[in-house]
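Q: Sending over model.txt (compact mmCIF, N, CA and C atoms).
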# COMPACT_ATOMS: atom_id res chain seq x y z
N MET A 1 57.18 106.28 130.19
CA MET A 1 58.26 107.15 129.78
C MET A 1 58.82 107.91 130.98
N GLY A 2 57.97 108.33 131.91
CA GLY A 2 58.42 109.06 133.09
C GLY A 2 59.34 108.21 133.95
N VAL A 3 59.02 106.93 134.11
CA VAL A 3 59.86 106.03 134.91
C VAL A 3 61.21 105.83 134.23
N ARG A 4 61.18 105.64 132.92
CA ARG A 4 62.41 105.45 132.17
C ARG A 4 63.32 106.68 132.31
N SER A 5 62.76 107.91 132.23
CA SER A 5 63.54 109.13 132.39
C SER A 5 64.11 109.21 133.79
N LEU A 6 63.33 108.84 134.79
CA LEU A 6 63.80 108.86 136.16
C LEU A 6 64.93 107.86 136.36
N THR A 7 64.79 106.68 135.77
CA THR A 7 65.82 105.66 135.88
C THR A 7 67.10 106.12 135.19
N ALA A 8 66.99 106.71 134.03
CA ALA A 8 68.17 107.22 133.32
C ALA A 8 68.84 108.32 134.12
N ALA A 9 68.04 109.19 134.71
CA ALA A 9 68.60 110.28 135.52
C ALA A 9 69.29 109.70 136.75
N GLY A 10 68.68 108.70 137.37
CA GLY A 10 69.28 108.06 138.54
C GLY A 10 70.60 107.38 138.18
N LEU A 11 70.63 106.70 137.04
CA LEU A 11 71.85 106.04 136.57
C LEU A 11 72.95 107.06 136.29
N ALA A 12 72.59 108.17 135.66
CA ALA A 12 73.57 109.22 135.37
C ALA A 12 74.14 109.79 136.66
N LEU A 13 73.27 109.99 137.66
CA LEU A 13 73.72 110.50 138.96
C LEU A 13 74.65 109.50 139.63
N LEU A 14 74.30 108.22 139.58
CA LEU A 14 75.14 107.18 140.17
C LEU A 14 76.50 107.11 139.49
N LEU A 15 76.53 107.17 138.17
CA LEU A 15 77.80 107.14 137.44
C LEU A 15 78.64 108.37 137.74
N ALA A 16 78.02 109.52 137.82
CA ALA A 16 78.76 110.76 138.14
C ALA A 16 79.35 110.69 139.53
N SER A 17 78.58 110.17 140.51
CA SER A 17 79.12 110.09 141.87
C SER A 17 80.21 109.03 141.94
N SER A 18 80.11 107.95 141.18
CA SER A 18 81.16 106.93 141.15
C SER A 18 82.45 107.50 140.57
N ALA A 19 82.32 108.32 139.52
CA ALA A 19 83.49 108.94 138.91
C ALA A 19 84.15 109.89 139.90
N ALA A 20 83.34 110.63 140.66
CA ALA A 20 83.90 111.56 141.65
C ALA A 20 84.64 110.79 142.73
N VAL A 21 84.09 109.66 143.18
CA VAL A 21 84.76 108.85 144.20
C VAL A 21 86.05 108.29 143.63
N ALA A 22 86.03 107.81 142.37
CA ALA A 22 87.23 107.26 141.76
C ALA A 22 88.31 108.31 141.65
N SER A 23 87.94 109.53 141.24
CA SER A 23 88.96 110.56 141.08
C SER A 23 89.47 111.03 142.44
N SER A 24 88.61 111.03 143.45
CA SER A 24 89.07 111.46 144.78
C SER A 24 89.95 110.40 145.42
N SER A 25 89.84 109.15 144.98
CA SER A 25 90.69 108.10 145.54
C SER A 25 91.96 107.90 144.71
N GLN A 26 92.11 108.68 143.65
CA GLN A 26 93.30 108.61 142.81
C GLN A 26 94.53 109.00 143.62
N LYS A 27 95.57 108.21 143.56
CA LYS A 27 96.80 108.51 144.27
C LYS A 27 97.48 109.70 143.62
N THR A 28 98.00 110.60 144.45
CA THR A 28 98.69 111.78 143.96
C THR A 28 100.07 111.88 144.59
N THR A 29 100.83 112.84 144.12
CA THR A 29 102.18 113.04 144.65
C THR A 29 102.16 113.56 146.08
N LYS A 30 101.01 113.92 146.59
CA LYS A 30 100.89 114.32 148.01
C LYS A 30 100.77 113.11 148.93
N ASP A 31 100.68 111.91 148.36
CA ASP A 31 100.47 110.70 149.14
C ASP A 31 101.76 110.00 149.57
N GLY A 32 102.90 110.64 149.41
CA GLY A 32 104.16 110.03 149.83
C GLY A 32 104.50 108.81 148.99
N VAL A 33 104.90 109.02 147.76
CA VAL A 33 105.08 107.92 146.80
C VAL A 33 106.54 107.58 146.52
N TYR A 34 107.47 108.14 147.28
CA TYR A 34 108.89 107.85 147.12
C TYR A 34 109.53 107.87 148.51
N THR A 35 110.76 107.39 148.60
CA THR A 35 111.47 107.44 149.89
C THR A 35 112.62 108.43 149.82
N LYS A 36 112.99 108.92 150.98
CA LYS A 36 114.13 109.83 151.08
C LYS A 36 115.39 109.15 150.57
N ALA A 37 115.59 107.90 150.95
CA ALA A 37 116.79 107.16 150.51
C ALA A 37 116.84 107.06 148.99
N GLN A 38 115.70 106.83 148.37
CA GLN A 38 115.64 106.72 146.91
C GLN A 38 116.04 108.03 146.26
N ALA A 39 115.50 109.12 146.75
CA ALA A 39 115.81 110.44 146.18
C ALA A 39 117.26 110.82 146.46
N ASP A 40 117.72 110.58 147.66
CA ASP A 40 119.08 110.97 148.04
C ASP A 40 120.14 110.26 147.22
N LYS A 41 119.90 109.01 146.85
CA LYS A 41 120.94 108.26 146.15
C LYS A 41 121.19 108.73 144.72
N VAL A 42 120.31 109.57 144.19
CA VAL A 42 120.49 110.03 142.81
C VAL A 42 120.81 111.53 142.74
N ALA A 43 120.92 112.18 143.87
CA ALA A 43 121.18 113.63 143.89
C ALA A 43 122.47 113.97 143.14
N GLU A 44 123.50 113.20 143.32
CA GLU A 44 124.78 113.47 142.63
C GLU A 44 124.61 113.30 141.12
N THR A 45 123.91 112.26 140.71
CA THR A 45 123.66 112.03 139.28
C THR A 45 122.89 113.20 138.69
N TYR A 46 121.87 113.67 139.41
CA TYR A 46 121.09 114.82 138.94
C TYR A 46 122.01 116.02 138.73
N GLY A 47 122.89 116.26 139.69
CA GLY A 47 123.81 117.40 139.59
C GLY A 47 124.72 117.30 138.38
N LYS A 48 125.15 116.09 138.05
CA LYS A 48 126.07 115.89 136.92
C LYS A 48 125.35 115.84 135.57
N VAL A 49 124.19 115.23 135.54
CA VAL A 49 123.53 114.94 134.27
C VAL A 49 122.40 115.92 133.94
N CYS A 50 121.61 116.30 134.92
CA CYS A 50 120.38 117.06 134.66
C CYS A 50 120.55 118.57 134.86
N ALA A 51 121.27 118.94 135.91
CA ALA A 51 121.36 120.35 136.27
C ALA A 51 122.01 121.20 135.19
N ASN A 52 122.85 120.60 134.37
CA ASN A 52 123.51 121.36 133.29
C ASN A 52 122.51 122.03 132.36
N CYS A 53 121.34 121.43 132.21
CA CYS A 53 120.31 122.02 131.35
C CYS A 53 119.13 122.58 132.14
N HIS A 54 118.77 121.91 133.23
CA HIS A 54 117.56 122.28 133.96
C HIS A 54 117.77 123.31 135.06
N ASP A 55 119.00 123.63 135.39
CA ASP A 55 119.27 124.66 136.39
C ASP A 55 119.74 125.91 135.64
N PRO A 56 118.91 126.96 135.62
CA PRO A 56 119.26 128.16 134.85
C PRO A 56 120.61 128.76 135.23
N ALA A 57 121.05 128.57 136.45
CA ALA A 57 122.34 129.11 136.88
C ALA A 57 123.51 128.37 136.23
N LYS A 58 123.28 127.13 135.78
CA LYS A 58 124.35 126.33 135.19
C LYS A 58 124.31 126.25 133.67
N VAL A 59 123.26 126.75 133.07
CA VAL A 59 123.10 126.64 131.62
C VAL A 59 124.15 127.52 130.94
N ALA A 60 124.79 126.93 129.95
CA ALA A 60 125.84 127.66 129.22
C ALA A 60 125.26 128.92 128.57
N GLU A 61 126.07 129.94 128.52
CA GLU A 61 125.64 131.20 127.93
C GLU A 61 125.17 130.99 126.49
N GLY A 62 124.04 131.58 126.17
CA GLY A 62 123.50 131.47 124.82
C GLY A 62 122.64 130.24 124.61
N LYS A 63 122.63 129.33 125.59
CA LYS A 63 121.83 128.13 125.45
C LYS A 63 120.51 128.32 126.20
N LYS A 64 119.43 127.91 125.59
CA LYS A 64 118.12 128.05 126.20
C LYS A 64 117.98 127.00 127.31
N PRO A 65 117.56 127.42 128.51
CA PRO A 65 117.38 126.45 129.59
C PRO A 65 116.23 125.48 129.29
N ALA A 66 116.38 124.27 129.77
CA ALA A 66 115.32 123.27 129.63
C ALA A 66 114.18 123.61 130.60
N PRO A 67 113.04 122.99 130.42
CA PRO A 67 111.91 123.27 131.33
C PRO A 67 112.32 123.04 132.79
N PRO A 68 111.85 123.92 133.67
CA PRO A 68 112.19 123.80 135.09
C PRO A 68 111.61 122.53 135.71
N LEU A 69 112.34 121.99 136.66
CA LEU A 69 111.89 120.79 137.35
C LEU A 69 111.50 121.09 138.80
N VAL A 70 111.52 122.35 139.16
CA VAL A 70 111.20 122.75 140.53
C VAL A 70 110.31 123.99 140.49
N GLY A 71 109.37 124.05 141.42
CA GLY A 71 108.57 125.25 141.60
C GLY A 71 107.32 125.32 140.75
N ASP A 72 106.74 126.50 140.73
CA ASP A 72 105.47 126.71 140.04
C ASP A 72 105.54 126.36 138.56
N ALA A 73 106.65 126.70 137.92
CA ALA A 73 106.77 126.41 136.48
C ALA A 73 106.72 124.90 136.22
N PHE A 74 107.33 124.11 137.10
CA PHE A 74 107.26 122.64 136.97
C PHE A 74 105.81 122.19 137.08
N PHE A 75 105.12 122.67 138.12
CA PHE A 75 103.73 122.26 138.32
C PHE A 75 102.82 122.76 137.20
N ASP A 76 103.10 123.93 136.66
CA ASP A 76 102.31 124.42 135.53
C ASP A 76 102.44 123.47 134.34
N ASN A 77 103.64 122.94 134.11
CA ASN A 77 103.88 122.02 132.99
C ASN A 77 103.33 120.62 133.25
N TRP A 78 103.34 120.16 134.51
CA TRP A 78 103.06 118.77 134.81
C TRP A 78 101.78 118.52 135.61
N LYS A 79 101.09 119.56 136.08
CA LYS A 79 99.92 119.34 136.93
C LYS A 79 98.89 118.47 136.22
N ASP A 80 98.34 117.57 136.99
CA ASP A 80 97.29 116.65 136.54
C ASP A 80 97.78 115.62 135.51
N ARG A 81 99.07 115.60 135.26
CA ARG A 81 99.65 114.53 134.44
C ARG A 81 100.15 113.46 135.39
N THR A 82 100.63 112.36 134.88
CA THR A 82 101.01 111.25 135.76
C THR A 82 102.53 111.11 135.89
N LEU A 83 102.91 110.45 136.97
CA LEU A 83 104.33 110.15 137.15
C LEU A 83 104.81 109.19 136.07
N GLY A 84 103.91 108.38 135.53
CA GLY A 84 104.27 107.50 134.42
C GLY A 84 104.74 108.30 133.22
N GLU A 85 104.04 109.40 132.93
CA GLU A 85 104.45 110.27 131.82
C GLU A 85 105.82 110.90 132.11
N LEU A 86 106.01 111.35 133.34
CA LEU A 86 107.27 111.98 133.70
C LEU A 86 108.42 110.98 133.63
N MET A 87 108.22 109.78 134.20
CA MET A 87 109.28 108.77 134.17
C MET A 87 109.62 108.36 132.74
N THR A 88 108.61 108.23 131.90
CA THR A 88 108.85 107.85 130.51
C THR A 88 109.62 108.95 129.78
N THR A 89 109.25 110.19 130.01
CA THR A 89 109.95 111.32 129.39
C THR A 89 111.41 111.33 129.81
N ILE A 90 111.65 111.15 131.09
CA ILE A 90 113.03 111.13 131.60
C ILE A 90 113.80 109.98 130.95
N ARG A 91 113.21 108.81 130.99
CA ARG A 91 113.92 107.61 130.50
C ARG A 91 114.22 107.67 129.01
N LEU A 92 113.27 108.14 128.22
CA LEU A 92 113.43 108.08 126.77
C LEU A 92 114.07 109.31 126.15
N THR A 93 114.08 110.44 126.85
CA THR A 93 114.57 111.65 126.20
C THR A 93 115.72 112.35 126.94
N MET A 94 116.10 111.86 128.10
CA MET A 94 117.15 112.52 128.86
C MET A 94 118.38 111.63 129.01
N PRO A 95 119.53 112.18 129.11
CA PRO A 95 119.84 113.56 128.73
C PRO A 95 119.71 113.71 127.22
N ASN A 96 119.32 114.88 126.79
CA ASN A 96 119.01 115.04 125.37
C ASN A 96 120.24 115.19 124.49
N ASP A 97 121.42 115.10 125.09
CA ASP A 97 122.64 115.14 124.27
C ASP A 97 123.11 113.74 123.89
N GLY A 98 122.39 112.71 124.33
CA GLY A 98 122.75 111.34 123.99
C GLY A 98 123.98 110.83 124.68
N SER A 99 124.43 111.52 125.72
CA SER A 99 125.68 111.13 126.39
C SER A 99 125.55 109.86 127.21
N MET A 100 124.34 109.47 127.55
CA MET A 100 124.15 108.24 128.31
C MET A 100 122.73 107.76 128.13
N THR A 101 122.49 106.52 128.51
CA THR A 101 121.16 105.94 128.46
C THR A 101 120.71 105.69 129.89
N LEU A 102 119.54 106.18 130.22
CA LEU A 102 119.00 105.99 131.56
C LEU A 102 118.19 104.70 131.62
N THR A 103 118.28 104.02 132.75
CA THR A 103 117.51 102.81 132.97
C THR A 103 116.16 103.17 133.59
N VAL A 104 115.28 102.20 133.69
CA VAL A 104 114.00 102.40 134.36
C VAL A 104 114.26 102.83 135.80
N GLU A 105 115.21 102.19 136.48
CA GLU A 105 115.54 102.56 137.86
C GLU A 105 116.06 103.99 137.94
N ASP A 106 116.89 104.40 136.99
CA ASP A 106 117.36 105.79 136.95
C ASP A 106 116.17 106.75 136.88
N ALA A 107 115.22 106.45 136.00
CA ALA A 107 114.05 107.32 135.83
C ALA A 107 113.21 107.36 137.10
N GLU A 108 113.04 106.22 137.76
CA GLU A 108 112.30 106.18 139.02
C GLU A 108 112.98 107.07 140.06
N ASN A 109 114.29 106.88 140.20
CA ASN A 109 115.04 107.62 141.21
C ASN A 109 115.11 109.11 140.91
N LEU A 110 115.30 109.47 139.66
CA LEU A 110 115.32 110.89 139.29
C LEU A 110 113.95 111.53 139.52
N THR A 111 112.90 110.80 139.24
CA THR A 111 111.55 111.31 139.51
C THR A 111 111.37 111.52 141.01
N ALA A 112 111.84 110.57 141.81
CA ALA A 112 111.77 110.72 143.27
C ALA A 112 112.53 111.97 143.71
N TYR A 113 113.68 112.20 143.12
CA TYR A 113 114.48 113.39 143.47
C TYR A 113 113.75 114.68 143.09
N ILE A 114 113.10 114.69 141.94
CA ILE A 114 112.33 115.85 141.52
C ILE A 114 111.19 116.11 142.51
N LEU A 115 110.53 115.05 142.96
CA LEU A 115 109.46 115.20 143.95
C LEU A 115 110.02 115.76 145.26
N GLN A 116 111.19 115.26 145.66
CA GLN A 116 111.82 115.75 146.88
C GLN A 116 112.19 117.22 146.76
N MET A 117 112.77 117.61 145.62
CA MET A 117 113.14 119.01 145.42
C MET A 117 111.91 119.92 145.45
N ASN A 118 110.76 119.38 145.08
CA ASN A 118 109.52 120.15 145.11
C ASN A 118 108.81 120.05 146.46
N LYS A 119 109.52 119.50 147.43
CA LYS A 119 109.03 119.40 148.81
C LYS A 119 107.72 118.63 148.94
N LEU A 120 107.55 117.64 148.08
CA LEU A 120 106.41 116.75 148.20
C LEU A 120 106.74 115.70 149.26
N PRO A 121 105.74 115.20 149.98
CA PRO A 121 106.01 114.32 151.11
C PRO A 121 106.65 113.00 150.70
N GLU A 122 107.52 112.53 151.58
CA GLU A 122 108.15 111.22 151.39
C GLU A 122 107.21 110.15 151.92
N GLY A 123 107.42 108.93 151.43
CA GLY A 123 106.61 107.81 151.89
C GLY A 123 107.48 106.71 152.44
N LYS A 124 106.89 105.55 152.58
CA LYS A 124 107.58 104.39 153.16
C LYS A 124 108.11 103.43 152.10
N GLU A 125 107.61 103.56 150.88
CA GLU A 125 108.01 102.67 149.79
C GLU A 125 108.62 103.49 148.66
N PRO A 126 109.66 102.96 148.00
CA PRO A 126 110.23 103.67 146.86
C PRO A 126 109.26 103.75 145.70
N LEU A 127 109.38 104.79 144.91
CA LEU A 127 108.59 104.95 143.70
C LEU A 127 109.01 103.87 142.71
N LYS A 128 108.04 103.23 142.11
CA LYS A 128 108.29 102.21 141.10
C LYS A 128 107.53 102.57 139.82
N ASN A 129 108.07 102.15 138.71
CA ASN A 129 107.43 102.36 137.42
C ASN A 129 106.48 101.19 137.15
N ASP A 130 105.59 100.95 138.12
CA ASP A 130 104.58 99.91 137.99
C ASP A 130 103.22 100.58 137.78
N ASP A 131 102.16 99.79 137.76
CA ASP A 131 100.83 100.37 137.51
C ASP A 131 100.50 101.50 138.49
N ALA A 132 100.73 101.27 139.76
CA ALA A 132 100.40 102.29 140.77
C ALA A 132 101.26 103.54 140.58
N GLY A 133 102.55 103.35 140.38
CA GLY A 133 103.45 104.48 140.19
C GLY A 133 103.12 105.27 138.93
N LYS A 134 102.84 104.57 137.86
CA LYS A 134 102.55 105.22 136.59
C LYS A 134 101.28 106.05 136.63
N LYS A 135 100.31 105.62 137.42
CA LYS A 135 99.00 106.28 137.47
C LYS A 135 98.95 107.42 138.49
N THR A 136 99.98 107.58 139.29
CA THR A 136 99.98 108.63 140.30
C THR A 136 99.96 110.00 139.63
N VAL A 137 99.05 110.84 140.07
CA VAL A 137 98.85 112.15 139.46
C VAL A 137 99.73 113.20 140.15
N ILE A 138 100.34 114.05 139.35
CA ILE A 138 101.21 115.11 139.87
C ILE A 138 100.35 116.29 140.29
N VAL A 139 100.45 116.63 141.59
CA VAL A 139 99.75 117.80 142.14
C VAL A 139 100.73 118.56 143.03
N LYS A 140 100.46 119.85 143.20
CA LYS A 140 101.33 120.70 144.01
C LYS A 140 101.03 120.52 145.49
Could you express the structure from this file as structure tokens?

A:
Amino acid sequence: MGVRSLTAAGLALLLASSAAVASSSQKTTKDGVYTKAQADKVAETYGKVCANCHDPAKVAEGKKPAPPLVGDAFFDNWKDRTLGELMTTIRLTMPNDGSMTLTVEDAENLTAYILQMNKLPEGKEPLKNDDAGKKTVIVK
């Protein structure tokens, strides 16, 4: 029984350390997951489509502003969630007035722009809504 307990304890320790290594190797928004060119090409679209609700300075009087996409409030809402969740939310629910339909590429590019506005590092490859992009964790 003593050997079995030791083996179980050793296995639990091994699994815990493997989980820690897996989580430490998880790609995050600090890893440069978008390009400057990708973010820059959608800045005008953001200004026309998104800022009307997400920029408190532009929100019509009497209308409640949408959740912030920049700064501490953004990170409070999205920390430890994935870019896949953010891209899906953008693609399926924005703009919420139904004035247009966003494509997967629109959602990728708008997400890249949000990362750029939050001063997260740029990378060498554009953000894609693929397995790697979807699993990337949002961190400040």

Q: Please indicate the distance in Å from CA of Lys79 in chain A to CA of Met100 in chain A, rounded to one decimal place.

A: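 According to the coordinates, CA of Lys79 in chain A and CA of Met100 in chain A are separated by 28.0 Å.
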
Q: Using only C-alpha atoms, determine which residues lie at most 9 Å from Ile114 in chain A, disregarding the query and same-chain residues fewer than 6 positions distant; provide the list as an MDAnalysis selection string.

A: chainID A and resid 39 69:70 120

Q: Residues at most 12 Å from Asp97 in chain A, counting only C-alpha atoms, excluding those fewer than 6 positions away in the same chain, as a compact mmCIF listing (two decimals) with N, CA and C atoms, in the coordinates of the input?

A:
# COMPACT_ATOMS: atom_id res chain seq x y z
N VAL A 49 124.19 115.23 135.54
CA VAL A 49 123.53 114.94 134.27
C VAL A 49 122.40 115.92 133.94
N CYS A 50 121.61 116.30 134.92
CA CYS A 50 120.38 117.06 134.66
C CYS A 50 120.55 118.57 134.86
N ASN A 52 122.85 120.60 134.37
CA ASN A 52 123.51 121.36 133.29
C ASN A 52 122.51 122.03 132.36
N CYS A 53 121.34 121.43 132.21
CA CYS A 53 120.31 122.02 131.35
C CYS A 53 119.13 122.58 132.14

Q: Ranking A:Gly133, A:Leu86, A:Arg91, A:Leu110 by minimum distance to Tyr46 in chain A and counting all atoms listed in the file, which one comes first?

A: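 Using all atoms listed in the file, Tyr46 in chain A sits closest to A:Leu110.
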
Q: Provide the atom N of Lys119 in chain A to atom C of Ser99 in chain A distance in Å, to one decimal place.

A: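 Result for atom N of Lys119 in chain A versus atom C of Ser99 in chain A: 27.5 Å, one decimal.
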
Q: CA of Asp131 in chain A and CA of Val42 in chain A, how far apart in Å?

A: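 So the answer is 22.5 Å.
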
Q: Might you pull out every residue within 10 Å of range 26-28 of chain A, with only C-alpha atoms counted and same-chain residues fewer than 6 positions away left off, and present them as a list in words?

A: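 Within the cut-off, the hits are Ala20, Asp80, Arg81, Thr82, Leu83, Ala132, Gly133, Lys135, Thr136, Val137, Ile138, Val139 and Lys140 of chain A.
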
Q: Got a sec: who's within 8 Å of Pro121 in chain A, counting all atoms listed in the file, leaving out chain neighbours fewer than 6 positions off, as a list in words?

A: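 The contact residues come out as Thr29, Lys30, Asp31, Gly32, Val33, Tyr34, Thr35, Lys36 and Leu115 of chain A.
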
Q: Which residues are near Asn129 in chain A? Cut-off 7 Å, only C-alpha atoms, ignore same chain within fewer than 4 positions. Put them as a JSON list (two decimals) with N, CA and C atoms, in the frame of the given file.

A:
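result.json, freshly written:
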[["chain", "number", "residue", "atom", "x", "y", "z"],
["A", 84, "GLY", "N", 103.91, 108.38, 135.53],
["A", 84, "GLY", "CA", 104.27, 107.50, 134.42],
["A", 84, "GLY", "C", 104.74, 108.30, 133.22],
["A", 108, "GLU", "N", 113.04, 106.22, 137.76],
["A", 108, "GLU", "CA", 112.30, 106.18, 139.02],
["A", 108, "GLU", "C", 112.98, 107.07, 140.06],
["A", 133, "GLY", "N", 102.55, 103.35, 140.38],
["A", 133, "GLY", "CA", 103.45, 104.48, 140.19],
["A", 133, "GLY", "C", 103.12, 105.27, 138.93],
["A", 134, "LYS", "N", 102.84, 104.57, 137.86],
["A", 134, "LYS", "CA", 102.55, 105.22, 136.59],
["A", 134, "LYS", "C", 101.28, 106.05, 136.63]]

Q: Between A:Leu127, A:Gly47, A:Asp55, A:Gly71, which has the minimum distance to Thr111 in chain A (counting all atoms listed in the file)?

A: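 Ranked by minimum distance to Thr111 in chain A, first place goes to A:Leu127.
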
Q: Would you mind telling me which residue in A:Ala66, A:Ala107, A:Ala57, A:Gln116 lies nearest to Leu92 in chain A when using all atoms listed in the file?

A: A:Ala107
